[in-house]
>>> print(open('run25.cif').read())   # mmCIF, C-alpha atoms and all ligand atoms
data_coords
#
loop_
_atom_site.label_atom_id
_atom_site.label_comp_id
_atom_site.auth_asym_id
_atom_site.auth_seq_id
_atom_site.Cartn_x
_atom_site.Cartn_y
_atom_site.Cartn_z
CA MET A 28 0.00 0.00 0.00
CA LYS A 29 1.17 3.51 -0.80
CA ILE A 30 0.84 6.57 1.43
CA SER A 31 -0.37 9.93 0.16
CA GLY A 32 0.58 12.77 2.53
CA SER A 33 -2.05 15.42 3.28
CA PHE A 34 -0.62 18.83 4.17
CA LEU A 35 -3.99 20.40 4.98
CA THR A 36 -3.02 21.22 8.58
CA ILE A 37 0.49 22.46 7.71
CA GLN A 38 -0.26 24.44 4.54
CA ASP A 39 1.58 27.52 5.82
CA ASP A 40 4.78 25.69 6.70
CA GLN A 41 6.91 25.05 3.65
CA ASN A 42 9.61 23.17 5.59
CA LYS A 43 7.07 20.70 6.91
CA ILE A 44 5.58 20.25 3.45
CA THR A 45 9.06 19.38 2.16
CA LYS A 46 9.52 16.89 5.01
CA LEU A 47 6.14 15.29 4.36
CA ASN A 48 7.03 14.90 0.69
CA GLU A 49 10.20 13.05 1.70
CA VAL A 50 8.49 10.41 3.84
CA THR A 51 5.45 9.67 1.63
CA ASP A 52 4.83 8.19 -1.85
CA TYR A 53 2.22 10.67 -3.13
CA MET A 54 1.16 14.17 -2.10
CA HIS A 55 -2.55 14.68 -1.52
CA PHE A 56 -3.84 18.17 -2.36
CA ASP A 57 -7.15 18.98 -0.67
CA VAL A 58 -9.08 21.70 -2.47
CA MET A 59 -12.27 23.05 -0.84
CA ASP A 60 -14.51 25.85 -2.07
CA GLY A 61 -16.47 26.74 1.08
CA LYS A 62 -19.65 25.57 -0.71
CA PHE A 63 -19.32 21.79 -0.97
CA THR A 64 -17.52 22.11 2.37
CA SER A 65 -18.28 24.73 5.00
CA ARG A 66 -14.81 26.29 4.90
CA PRO A 67 -12.54 26.90 1.92
CA THR A 68 -8.85 26.02 1.60
CA LEU A 69 -6.33 28.67 0.52
CA PRO A 70 -6.74 29.88 -3.07
CA PHE A 71 -5.02 27.31 -5.29
CA LYS A 72 -2.55 29.94 -6.54
CA GLU A 73 -1.20 30.21 -3.00
CA ILE A 74 -1.08 26.44 -2.59
CA ILE A 75 1.06 26.25 -5.75
CA ASP A 76 3.54 28.75 -4.28
CA LYS A 77 3.85 26.78 -1.07
CA THR A 78 4.36 23.40 -2.69
CA THR A 79 7.17 24.09 -5.15
CA SER A 80 9.37 21.56 -3.29
CA VAL A 81 6.93 18.71 -3.87
CA THR A 82 8.44 16.01 -6.09
CA ASN A 83 6.02 13.15 -5.34
CA PRO A 84 3.25 12.39 -7.82
CA LYS A 85 0.28 14.61 -7.01
CA ASP A 86 -3.14 13.36 -6.09
CA ILE A 87 -5.72 16.17 -6.16
CA HIS A 88 -8.92 15.89 -4.13
CA LEU A 89 -11.52 18.40 -5.29
CA MET A 90 -14.22 19.08 -2.70
CA VAL A 91 -15.93 21.71 -4.83
CA ILE A 92 -19.16 22.34 -6.74
CA ASP A 93 -17.79 24.16 -9.78
CA ILE A 94 -15.57 21.22 -10.74
CA LYS A 95 -14.43 22.27 -14.25
CA LYS A 96 -13.27 25.67 -13.04
CA TYR A 97 -11.04 24.01 -10.45
CA VAL A 98 -9.79 21.37 -12.91
CA ASP A 99 -8.51 24.21 -15.12
CA GLU A 100 -6.69 25.62 -12.09
CA VAL A 101 -5.15 22.45 -10.60
CA ILE A 102 -3.96 21.14 -13.95
CA LYS A 103 -1.10 23.64 -13.61
CA VAL A 104 0.72 21.41 -11.08
CA LYS A 105 0.69 18.44 -13.51
CA PRO A 106 -1.18 16.03 -11.24
CA GLU A 107 -1.28 12.27 -11.70
CA TYR A 108 -4.89 12.09 -10.47
CA ILE A 109 -7.73 14.58 -10.24
CA THR A 110 -10.58 13.30 -8.09
CA PHE A 111 -14.03 14.88 -7.78
CA HIS A 112 -17.08 14.04 -5.65
CA ILE A 113 -20.08 12.17 -7.05
CA GLU A 114 -22.26 14.24 -4.67
CA ALA A 115 -21.12 17.49 -6.32
CA THR A 116 -22.48 16.92 -9.84
CA PHE A 117 -25.47 15.69 -11.82
CA ASN A 118 -23.28 14.82 -14.78
CA PRO A 119 -20.26 12.75 -13.70
CA LYS A 120 -19.73 11.39 -17.23
CA ASP A 121 -19.16 14.86 -18.60
CA ILE A 122 -16.62 15.68 -15.87
CA ILE A 123 -14.81 12.36 -16.36
CA LYS A 124 -14.46 13.17 -20.07
CA TYR A 125 -13.31 16.71 -19.29
CA ILE A 126 -10.50 15.48 -17.03
CA LYS A 127 -9.47 12.66 -19.37
CA ASN A 128 -9.19 15.08 -22.26
CA LYS A 129 -6.48 16.84 -20.28
CA ASN A 130 -4.50 13.59 -20.13
CA VAL A 131 -4.81 13.21 -16.38
CA LYS A 132 -6.08 10.13 -14.56
CA VAL A 133 -9.50 10.59 -13.05
CA GLY A 134 -10.85 9.67 -9.63
CA LEU A 135 -14.35 9.55 -8.20
CA ALA A 136 -14.86 10.30 -4.47
CA LEU A 137 -17.62 9.09 -2.16
CA ASN A 138 -18.73 10.71 1.10
CA PRO A 139 -19.04 8.32 4.07
CA GLU A 140 -22.84 8.14 3.76
CA THR A 141 -22.89 7.57 -0.04
CA GLU A 142 -23.40 3.94 -1.10
CA THR A 143 -20.84 2.33 -3.42
CA GLN A 144 -23.66 1.18 -5.74
CA THR A 145 -24.24 4.83 -6.69
CA ILE A 146 -21.02 4.85 -8.70
CA TYR A 147 -20.95 1.34 -10.20
CA LYS A 148 -22.04 2.58 -13.60
CA TYR A 149 -19.05 4.93 -13.84
CA LEU A 150 -16.37 2.53 -12.64
CA ASN A 151 -15.38 1.35 -16.10
CA GLN A 152 -14.35 4.95 -16.87
CA VAL A 153 -12.23 5.88 -13.84
CA ASP A 154 -8.70 5.19 -12.62
CA LEU A 155 -9.29 5.68 -8.90
CA VAL A 156 -12.08 5.54 -6.33
CA LEU A 157 -11.61 7.64 -3.20
CA VAL A 158 -13.60 6.46 -0.20
CA MET A 159 -13.94 9.12 2.49
CA SER A 160 -13.58 7.81 6.04
CA VAL A 161 -14.39 11.24 7.53
CA HIS A 162 -16.78 13.99 6.42
CA PRO A 163 -15.05 16.32 3.97
CA GLY A 164 -13.92 19.61 5.48
CA ALA A 165 -11.07 19.17 7.92
CA GLY A 166 -8.04 17.16 8.95
CA GLY A 167 -7.79 15.47 12.34
CA GLN A 168 -11.27 13.89 12.47
CA LYS A 169 -12.18 10.46 13.80
CA PHE A 170 -12.18 7.49 11.39
CA ILE A 171 -15.58 6.27 10.19
CA ASP A 172 -15.59 2.54 9.45
CA ILE A 173 -15.94 2.10 5.67
CA THR A 174 -14.36 -1.35 5.45
CA SER A 175 -17.39 -2.92 3.76
CA LYS A 176 -17.03 -0.40 0.90
CA ILE A 177 -13.46 -1.56 0.25
CA LYS A 178 -14.73 -5.12 0.04
CA ASP A 179 -17.52 -4.11 -2.37
CA LEU A 180 -15.18 -2.16 -4.61
CA LYS A 181 -12.62 -4.97 -4.74
CA LYS A 182 -15.31 -7.49 -5.55
CA TYR A 183 -16.79 -5.31 -8.28
CA ARG A 184 -13.32 -4.66 -9.74
CA GLU A 185 -12.56 -8.35 -9.97
CA ALA A 186 -15.97 -9.40 -11.27
CA ASN A 187 -15.83 -6.81 -14.05
CA ASN A 188 -12.16 -7.05 -14.84
CA LEU A 189 -11.51 -3.36 -14.07
CA ASN A 190 -8.36 -1.75 -12.72
CA TYR A 191 -9.17 1.39 -10.73
CA ILE A 192 -7.20 1.82 -7.54
CA ILE A 193 -8.94 2.22 -4.16
CA GLU A 194 -7.91 5.18 -1.99
CA ILE A 195 -9.03 5.85 1.59
CA ASP A 196 -9.06 9.36 3.05
CA GLY A 197 -9.45 10.54 6.64
CA GLY A 198 -8.75 9.57 10.22
CA ILE A 199 -5.91 7.18 9.45
CA ASN A 200 -3.47 6.34 12.25
CA ASP A 201 -1.44 3.27 13.24
CA GLU A 202 -4.62 1.50 14.45
CA THR A 203 -7.16 2.43 11.77
CA ILE A 204 -4.70 1.66 8.96
CA LYS A 205 -5.06 -2.03 9.86
CA LYS A 206 -8.73 -1.86 8.85
CA VAL A 207 -7.96 -0.53 5.37
CA LYS A 208 -5.11 -2.90 4.47
CA ASP A 209 -6.87 -3.95 1.28
CA ALA A 210 -6.83 -0.44 -0.18
CA ASP A 211 -4.12 0.60 -2.65
CA LEU A 212 -3.49 4.16 -1.51
CA VAL A 213 -4.15 5.73 1.87
CA VAL A 214 -4.20 9.44 2.71
CA VAL A 215 -2.55 10.39 5.99
CA GLY A 216 -2.45 13.93 7.38
CA SER A 217 -2.50 14.81 11.06
CA TYR A 218 -1.21 11.45 12.32
CA ILE A 219 2.08 12.32 10.62
CA THR A 220 2.07 16.12 10.79
CA ASN A 221 1.09 16.47 14.47
CA HIS A 222 4.31 14.79 15.52
CA ASP A 223 7.89 16.12 15.60
CA SER A 224 9.31 13.18 13.70
CA PHE A 225 7.39 12.49 10.50
CA GLU A 226 9.67 9.52 9.88
CA THR A 227 8.74 7.81 13.15
CA GLN A 228 5.05 8.16 12.30
CA VAL A 229 5.45 6.67 8.84
CA ASN A 230 7.48 3.80 10.29
CA ASN A 231 4.67 3.16 12.79
CA LEU A 232 2.16 3.01 9.94
CA ARG A 233 4.30 0.59 7.94
CA ARG A 234 4.84 -1.59 11.01
CA SER A 235 1.08 -1.77 11.62
CA LEU A 236 0.56 -2.91 8.04
CA ASN A 237 3.05 -5.74 8.50
CA GLU A 238 1.62 -7.00 11.79
C1 LIG B 301 -10.71 15.92 4.70
C2 LIG B 301 -9.58 15.76 3.75
C3 LIG B 301 -8.50 14.79 4.18
C4 LIG B 301 -7.78 15.15 5.44
C5 LIG B 301 -6.97 13.98 5.93
O1 LIG B 301 -11.67 16.73 4.14
O2 LIG B 301 -10.06 15.32 2.51
O3 LIG B 301 -7.56 14.63 3.12
O4 LIG B 301 -6.94 16.25 5.29
O5 LIG B 301 -6.39 14.35 7.15
P1 LIG B 301 -6.35 13.39 8.43
O6 LIG B 301 -5.39 12.29 8.10
O7 LIG B 301 -5.84 14.29 9.51
O8 LIG B 301 -7.74 12.89 8.67
ZN ZN B 302 -8.60 14.63 0.99
#
>>> encode(input="run25.cif", output="structure tokens")
Amino acid sequence: MKISGSFLTIQDDQNKITKLNEVTDYMHFDVMDGKFTSRPTLPFKEIIDKTTSVTNPKDIHLMVIDIKKYVDEVIKVKPEYITFHIEATFNPKDIIKYIKNKNVKVGLALNPETETQTIYKYLNQVDLVLVMSVHPGAGGQKFIDITSKIKDLKKYREANNLNYIIEIDGGINDETIKKVKDADLVVVGSYITNHDSFETQVNNLRRSLNE
């Protein structure tokens, strides 16, 4: 399993962002508009300035209503994945096409209360499914158990011969990571960034996975 570092709670500290980049496999960019979520993140222009040291592949998580507008903005950092929420649009197919036309892999995100069945019909068109294990809006929240969704998505992937990856986002620490072992990519923010040694925290996560 790969780890995607979330810098949401350290977005003003460039040194910490650099450190997080060093100990993780991907960098997870949370983008919130204050409409889909109650509070917005920094304007993306400012996020770009603060993340110039990031060398990891970039995984963008759009928690916004006006998805295309933000796609045009985030494309500037040459992301590997751009992920949008199924709850934010009535026309997911159109957005999937829009992102694919920019030659970026596309992800579909699900809030904790949204059923996996809602997105089955789009799964042959996406590269990633992001399952939220907290409510979108903030780092440092408590993990919501979404383990049955991982099982569903793996089963559906196998049965239909698809190859999207499964990403889990929110509330991951050295205990909760054991519950999401079957995912391919896991977002970790505050468990790493609230500690002095980012390296120690990542080692703890890897140890839990091997237990
Ligand atoms: C929540 C964000 C998450 C969050 C993860 O809206 O999408 O990416 O920053 O942070 P932790 O690991 O602290 O839950
Ligand atoms: Zn996120």
>>> axis_aligned_box(input="run25.cif", around="ligand LIG 301 (chain B)", padding_each_side="6 Å", output="JSON")
{"center_x": -8.5, "center_y": 14.5, "center_z": 6.0, "size_x": 18.3, "size_y": 16.4, "size_z": 19.0}
>>> closest_atom_pairs(input="run25.cif", of="range 117-197 of chain A", to="range 206-222 of chain A", cutoff="8 Å", atoms="only C-alpha atoms", output="CSV")
residue,atom,partner,partner_atom,distance
A:Gly166,CA,A:Ser217,CA,6.4
A:Gly167,CA,A:Ser217,CA,5.5
A:Thr174,CA,A:Val207,CA,6.5
A:Ile177,CA,A:Ala210,CA,6.7
A:Ile192,CA,A:Asp211,CA,5.9
A:Ile193,CA,A:Ala210,CA,5.2
A:Glu194,CA,A:Leu212,CA,4.6
A:Ile195,CA,A:Val213,CA,4.9
A:Asp196,CA,A:Val214,CA,4.9
A:Gly197,CA,A:Val214,CA,6.6
>>> closest_atom_pairs(input="run25.cif", of="chain A", to="ligand ZN 302 (chain B)", cutoff="12 Å", atoms="only C-alpha atoms and all ligand atoms", output="JSON lines")
{"residue": "A:Ser31", "atom": "CA", "partner": "B:ZN302", "partner_atom": "ZN", "distance": 9.5}
{"residue": "A:Gly32", "atom": "CA", "partner": "B:ZN302", "partner_atom": "ZN", "distance": 9.5}
{"residue": "A:Ser33", "atom": "CA", "partner": "B:ZN302", "partner_atom": "ZN", "distance": 7.0}
{"residue": "A:Phe34", "atom": "CA", "partner": "B:ZN302", "partner_atom": "ZN", "distance": 9.6}
{"residue": "A:Leu35", "atom": "CA", "partner": "B:ZN302", "partner_atom": "ZN", "distance": 8.4}
{"residue": "A:Thr36", "atom": "CA", "partner": "B:ZN302", "partner_atom": "ZN", "distance": 11.5}
{"residue": "A:Met54", "atom": "CA", "partner": "B:ZN302", "partner_atom": "ZN", "distance": 10.2}
{"residue": "A:His55", "atom": "CA", "partner": "B:ZN302", "partner_atom": "ZN", "distance": 6.6}
{"residue": "A:Phe56", "atom": "CA", "partner": "B:ZN302", "partner_atom": "ZN", "distance": 6.8}
{"residue": "A:Asp57", "atom": "CA", "partner": "B:ZN302", "partner_atom": "ZN", "distance": 4.9}
{"residue": "A:Val58", "atom": "CA", "partner": "B:ZN302", "partner_atom": "ZN", "distance": 7.9}
{"residue": "A:Met59", "atom": "CA", "partner": "B:ZN302", "partner_atom": "ZN", "distance": 9.4}
{"residue": "A:Thr64", "atom": "CA", "partner": "B:ZN302", "partner_atom": "ZN", "distance": 11.7}
{"residue": "A:Thr68", "atom": "CA", "partner": "B:ZN302", "partner_atom": "ZN", "distance": 11.4}
{"residue": "A:Lys85", "atom": "CA", "partner": "B:ZN302", "partner_atom": "ZN", "distance": 12.0}
{"residue": "A:Asp86", "atom": "CA", "partner": "B:ZN302", "partner_atom": "ZN", "distance": 9.0}
{"residue": "A:Ile87", "atom": "CA", "partner": "B:ZN302", "partner_atom": "ZN", "distance": 7.9}
{"residue": "A:His88", "atom": "CA", "partner": "B:ZN302", "partner_atom": "ZN", "distance": 5.3}
{"residue": "A:Leu89", "atom": "CA", "partner": "B:ZN302", "partner_atom": "ZN", "distance": 7.9}
{"residue": "A:Met90", "atom": "CA", "partner": "B:ZN302", "partner_atom": "ZN", "distance": 8.1}
{"residue": "A:Val91", "atom": "CA", "partner": "B:ZN302", "partner_atom": "ZN", "distance": 11.7}
{"residue": "A:Ile109", "atom": "CA", "partner": "B:ZN302", "partner_atom": "ZN", "distance": 11.3}
{"residue": "A:Thr110", "atom": "CA", "partner": "B:ZN302", "partner_atom": "ZN", "distance": 9.4}
{"residue": "A:Phe111", "atom": "CA", "partner": "B:ZN302", "partner_atom": "ZN", "distance": 10.3}
{"residue": "A:His112", "atom": "CA", "partner": "B:ZN302", "partner_atom": "ZN", "distance": 10.8}
{"residue": "A:Gly134", "atom": "CA", "partner": "B:ZN302", "partner_atom": "ZN", "distance": 11.9}
{"residue": "A:Leu135", "atom": "CA", "partner": "B:ZN302", "partner_atom": "ZN", "distance": 12.0}
{"residue": "A:Ala136", "atom": "CA", "partner": "B:ZN302", "partner_atom": "ZN", "distance": 9.4}
{"residue": "A:Leu137", "atom": "CA", "partner": "B:ZN302", "partner_atom": "ZN", "distance": 11.0}
{"residue": "A:Asn138", "atom": "CA", "partner": "B:ZN302", "partner_atom": "ZN", "distance": 10.9}
{"residue": "A:Leu157", "atom": "CA", "partner": "B:ZN302", "partner_atom": "ZN", "distance": 8.7}
{"residue": "A:Val158", "atom": "CA", "partner": "B:ZN302", "partner_atom": "ZN", "distance": 9.7}
{"residue": "A:Met159", "atom": "CA", "partner": "B:ZN302", "partner_atom": "ZN", "distance": 7.8}
{"residue": "A:Ser160", "atom": "CA", "partner": "B:ZN302", "partner_atom": "ZN", "distance": 9.8}
{"residue": "A:Val161", "atom": "CA", "partner": "B:ZN302", "partner_atom": "ZN", "distance": 9.4}
{"residue": "A:His162", "atom": "CA", "partner": "B:ZN302", "partner_atom": "ZN", "distance": 9.8}
{"residue": "A:Pro163", "atom": "CA", "partner": "B:ZN302", "partner_atom": "ZN", "distance": 7.3}
{"residue": "A:Gly164", "atom": "CA", "partner": "B:ZN302", "partner_atom": "ZN", "distance": 8.6}
{"residue": "A:Ala165", "atom": "CA", "partner": "B:ZN302", "partner_atom": "ZN", "distance": 8.6}
{"residue": "A:Gly166", "atom": "CA", "partner": "B:ZN302", "partner_atom": "ZN", "distance": 8.4}
{"residue": "A:Gly167", "atom": "CA", "partner": "B:ZN302", "partner_atom": "ZN", "distance": 11.4}
{"residue": "A:Gln168", "atom": "CA", "partner": "B:ZN302", "partner_atom": "ZN", "distance": 11.8}
{"residue": "A:Glu194", "atom": "CA", "partner": "B:ZN302", "partner_atom": "ZN", "distance": 9.9}
{"residue": "A:Ile195", "atom": "CA", "partner": "B:ZN302", "partner_atom": "ZN", "distance": 8.8}
{"residue": "A:Asp196", "atom": "CA", "partner": "B:ZN302", "partner_atom": "ZN", "distance": 5.7}
{"residue": "A:Gly197", "atom": "CA", "partner": "B:ZN302", "partner_atom": "ZN", "distance": 7.0}
{"residue": "A:Gly198", "atom": "CA", "partner": "B:ZN302", "partner_atom": "ZN", "distance": 10.5}
{"residue": "A:Ile199", "atom": "CA", "partner": "B:ZN302", "partner_atom": "ZN", "distance": 11.6}
{"residue": "A:Leu212", "atom": "CA", "partner": "B:ZN302", "partner_atom": "ZN", "distance": 11.9}
{"residue": "A:Val213", "atom": "CA", "partner": "B:ZN302", "partner_atom": "ZN", "distance": 10.0}
{"residue": "A:Val214", "atom": "CA", "partner": "B:ZN302", "partner_atom": "ZN", "distance": 7.0}
{"residue": "A:Val215", "atom": "CA", "partner": "B:ZN302", "partner_atom": "ZN", "distance": 8.9}
{"residue": "A:Gly216", "atom": "CA", "partner": "B:ZN302", "partner_atom": "ZN", "distance": 8.9}
{"residue": "A:Ser217", "atom": "CA", "partner": "B:ZN302", "partner_atom": "ZN", "distance": 11.8}
>>> closest_residue(input="run25.cif", among="A:Arg234, A:Lys124, A:Lys169, A:Lys96", to="ligand LIG 301 (chain B)", atoms="all atoms listed in the file")
A:Lys169
>>> closest_residue(input="run25.cif", among="A:Leu189, A:Ile171, A:Leu155, A:Ile126", to="ligand LIG 301 (chain B)", atoms="all atoms listed in the file")
A:Ile171
>>> closest_residue(input="run25.cif", among="A:Ile146, A:Ile122, A:Lys105, A:Pro139", to="ligand LIG 301 (chain B)", atoms="only C-alpha atoms and all ligand atoms")
A:Pro139
>>> decode(input="run25.cif", residues="range 61-82 of chain A", atoms="N, CA, C and O atoms", output="PDB file, in the first residue's frame")
ATOM      1  N   GLY A  61     -15.606  26.041   0.129  1.00  0.00           N
ATOM      2  CA  GLY A  61     -16.471  26.736   1.084  1.00  0.00           C
ATOM      3  C   GLY A  61     -17.950  26.643   0.696  1.00  0.00           C
ATOM      4  O   GLY A  61     -18.790  27.333   1.263  1.00  0.00           O
ATOM      5  N   LYS A  62     -18.246  25.805  -0.306  1.00  0.00           N
ATOM      6  CA  LYS A  62     -19.648  25.570  -0.711  1.00  0.00           C
ATOM      7  C   LYS A  62     -19.974  24.087  -0.541  1.00  0.00           C
ATOM      8  O   LYS A  62     -20.897  23.720   0.159  1.00  0.00           O
ATOM      9  N   PHE A  63     -19.171  23.232  -1.185  1.00  0.00           N
ATOM     10  CA  PHE A  63     -19.316  21.795  -0.968  1.00  0.00           C
ATOM     11  C   PHE A  63     -18.932  21.471   0.472  1.00  0.00           C
ATOM     12  O   PHE A  63     -19.489  20.578   1.111  1.00  0.00           O
ATOM     13  N   THR A  64     -17.941  22.209   0.969  1.00  0.00           N
ATOM     14  CA  THR A  64     -17.520  22.108   2.371  1.00  0.00           C
ATOM     15  C   THR A  64     -17.865  23.433   3.040  1.00  0.00           C
ATOM     16  O   THR A  64     -18.076  24.426   2.348  1.00  0.00           O
ATOM     17  N   SER A  65     -17.890  23.462   4.375  1.00  0.00           N
ATOM     18  CA  SER A  65     -18.278  24.727   5.001  1.00  0.00           C
ATOM     19  C   SER A  65     -17.158  25.769   4.950  1.00  0.00           C
ATOM     20  O   SER A  65     -17.429  26.964   4.861  1.00  0.00           O
ATOM     21  N   ARG A  66     -15.909  25.317   4.978  1.00  0.00           N
ATOM     22  CA  ARG A  66     -14.815  26.287   4.898  1.00  0.00           C
ATOM     23  C   ARG A  66     -13.978  26.032   3.647  1.00  0.00           C
ATOM     24  O   ARG A  66     -13.841  24.891   3.215  1.00  0.00           O
ATOM     25  N   PRO A  67     -13.404  27.104   3.091  1.00  0.00           N
ATOM     26  CA  PRO A  67     -12.542  26.896   1.915  1.00  0.00           C
ATOM     27  C   PRO A  67     -11.095  26.654   2.312  1.00  0.00           C
ATOM     28  O   PRO A  67     -10.690  26.996   3.426  1.00  0.00           O
ATOM     29  N   THR A  68     -10.299  26.052   1.418  1.00  0.00           N
ATOM     30  CA  THR A  68      -8.845  26.021   1.598  1.00  0.00           C
ATOM     31  C   THR A  68      -8.276  27.325   1.040  1.00  0.00           C
ATOM     32  O   THR A  68      -9.009  28.156   0.516  1.00  0.00           O
ATOM     33  N   LEU A  69      -6.974  27.497   1.123  1.00  0.00           N
ATOM     34  CA  LEU A  69      -6.330  28.667   0.524  1.00  0.00           C
ATOM     35  C   LEU A  69      -6.639  28.679  -0.971  1.00  0.00           C
ATOM     36  O   LEU A  69      -6.857  27.619  -1.561  1.00  0.00           O
ATOM     37  N   PRO A  70      -6.622  29.868  -1.608  1.00  0.00           N
ATOM     38  CA  PRO A  70      -6.744  29.880  -3.069  1.00  0.00           C
ATOM     39  C   PRO A  70      -5.657  29.005  -3.675  1.00  0.00           C
ATOM     40  O   PRO A  70      -4.532  28.966  -3.158  1.00  0.00           O
ATOM     41  N   PHE A  71      -5.985  28.279  -4.755  1.00  0.00           N
ATOM     42  CA  PHE A  71      -5.022  27.305  -5.285  1.00  0.00           C
ATOM     43  C   PHE A  71      -3.716  27.961  -5.727  1.00  0.00           C
ATOM     44  O   PHE A  71      -2.653  27.350  -5.627  1.00  0.00           O
ATOM     45  N   LYS A  72      -3.781  29.213  -6.160  1.00  0.00           N
ATOM     46  CA  LYS A  72      -2.552  29.942  -6.545  1.00  0.00           C
ATOM     47  C   LYS A  72      -1.562  29.957  -5.401  1.00  0.00           C
ATOM     48  O   LYS A  72      -0.363  29.787  -5.571  1.00  0.00           O
ATOM     49  N   GLU A  73      -2.081  30.174  -4.190  1.00  0.00           N
ATOM     50  CA  GLU A  73      -1.204  30.206  -3.004  1.00  0.00           C
ATOM     51  C   GLU A  73      -0.687  28.810  -2.668  1.00  0.00           C
ATOM     52  O   GLU A  73       0.446  28.649  -2.240  1.00  0.00           O
ATOM     53  N   ILE A  74      -1.531  27.815  -2.852  1.00  0.00           N
ATOM     54  CA  ILE A  74      -1.085  26.438  -2.594  1.00  0.00           C
ATOM     55  C   ILE A  74       0.078  26.103  -3.530  1.00  0.00           C
ATOM     56  O   ILE A  74       1.074  25.518  -3.123  1.00  0.00           O
ATOM     57  N   ILE A  75      -0.021  26.511  -4.788  1.00  0.00           N
ATOM     58  CA  ILE A  75       1.061  26.248  -5.750  1.00  0.00           C
ATOM     59  C   ILE A  75       2.374  26.842  -5.238  1.00  0.00           C
ATOM     60  O   ILE A  75       3.412  26.183  -5.232  1.00  0.00           O
ATOM     61  N   ASP A  76       2.316  28.086  -4.764  1.00  0.00           N
ATOM     62  CA  ASP A  76       3.536  28.752  -4.281  1.00  0.00           C
ATOM     63  C   ASP A  76       4.171  28.013  -3.110  1.00  0.00           C
ATOM     64  O   ASP A  76       5.383  28.017  -2.941  1.00  0.00           O
ATOM     65  N   LYS A  77       3.331  27.423  -2.280  1.00  0.00           N
ATOM     66  CA  LYS A  77       3.849  26.779  -1.066  1.00  0.00           C
ATOM     67  C   LYS A  77       4.315  25.349  -1.297  1.00  0.00           C
ATOM     68  O   LYS A  77       4.852  24.708  -0.400  1.00  0.00           O
ATOM     69  N   THR A  78       4.050  24.817  -2.476  1.00  0.00           N
ATOM     70  CA  THR A  78       4.365  23.405  -2.694  1.00  0.00           C
ATOM     71  C   THR A  78       5.382  23.208  -3.829  1.00  0.00           C
ATOM     72  O   THR A  78       5.419  22.150  -4.448  1.00  0.00           O
ATOM     73  N   THR A  79       6.196  24.202  -4.051  1.00  0.00           N
ATOM     74  CA  THR A  79       7.174  24.093  -5.148  1.00  0.00           C
ATOM     75  C   THR A  79       8.193  22.988  -4.888  1.00  0.00           C
ATOM     76  O   THR A  79       8.814  22.480  -5.815  1.00  0.00           O
ATOM     77  N   SER A  80       8.387  22.608  -3.602  1.00  0.00           N
ATOM     78  CA  SER A  80       9.374  21.560  -3.287  1.00  0.00           C
ATOM     79  C   SER A  80       8.821  20.148  -3.464  1.00  0.00           C
ATOM     80  O   SER A  80       9.548  19.169  -3.302  1.00  0.00           O
ATOM     81  N   VAL A  81       7.535  20.046  -3.784  1.00  0.00           N
ATOM     82  CA  VAL A  81       6.927  18.711  -3.870  1.00  0.00           C
ATOM     83  C   VAL A  81       7.378  17.986  -5.145  1.00  0.00           C
ATOM     84  O   VAL A  81       7.196  18.490  -6.250  1.00  0.00           O
ATOM     85  N   THR A  82       7.979  16.804  -4.949  1.00  0.00           N
ATOM     86  CA  THR A  82       8.443  16.007  -6.089  1.00  0.00           C
ATOM     87  C   THR A  82       7.617  14.728  -6.265  1.00  0.00           C
ATOM     88  O   THR A  82       7.704  14.078  -7.305  1.00  0.00           O
TER      89      THR A  82
END
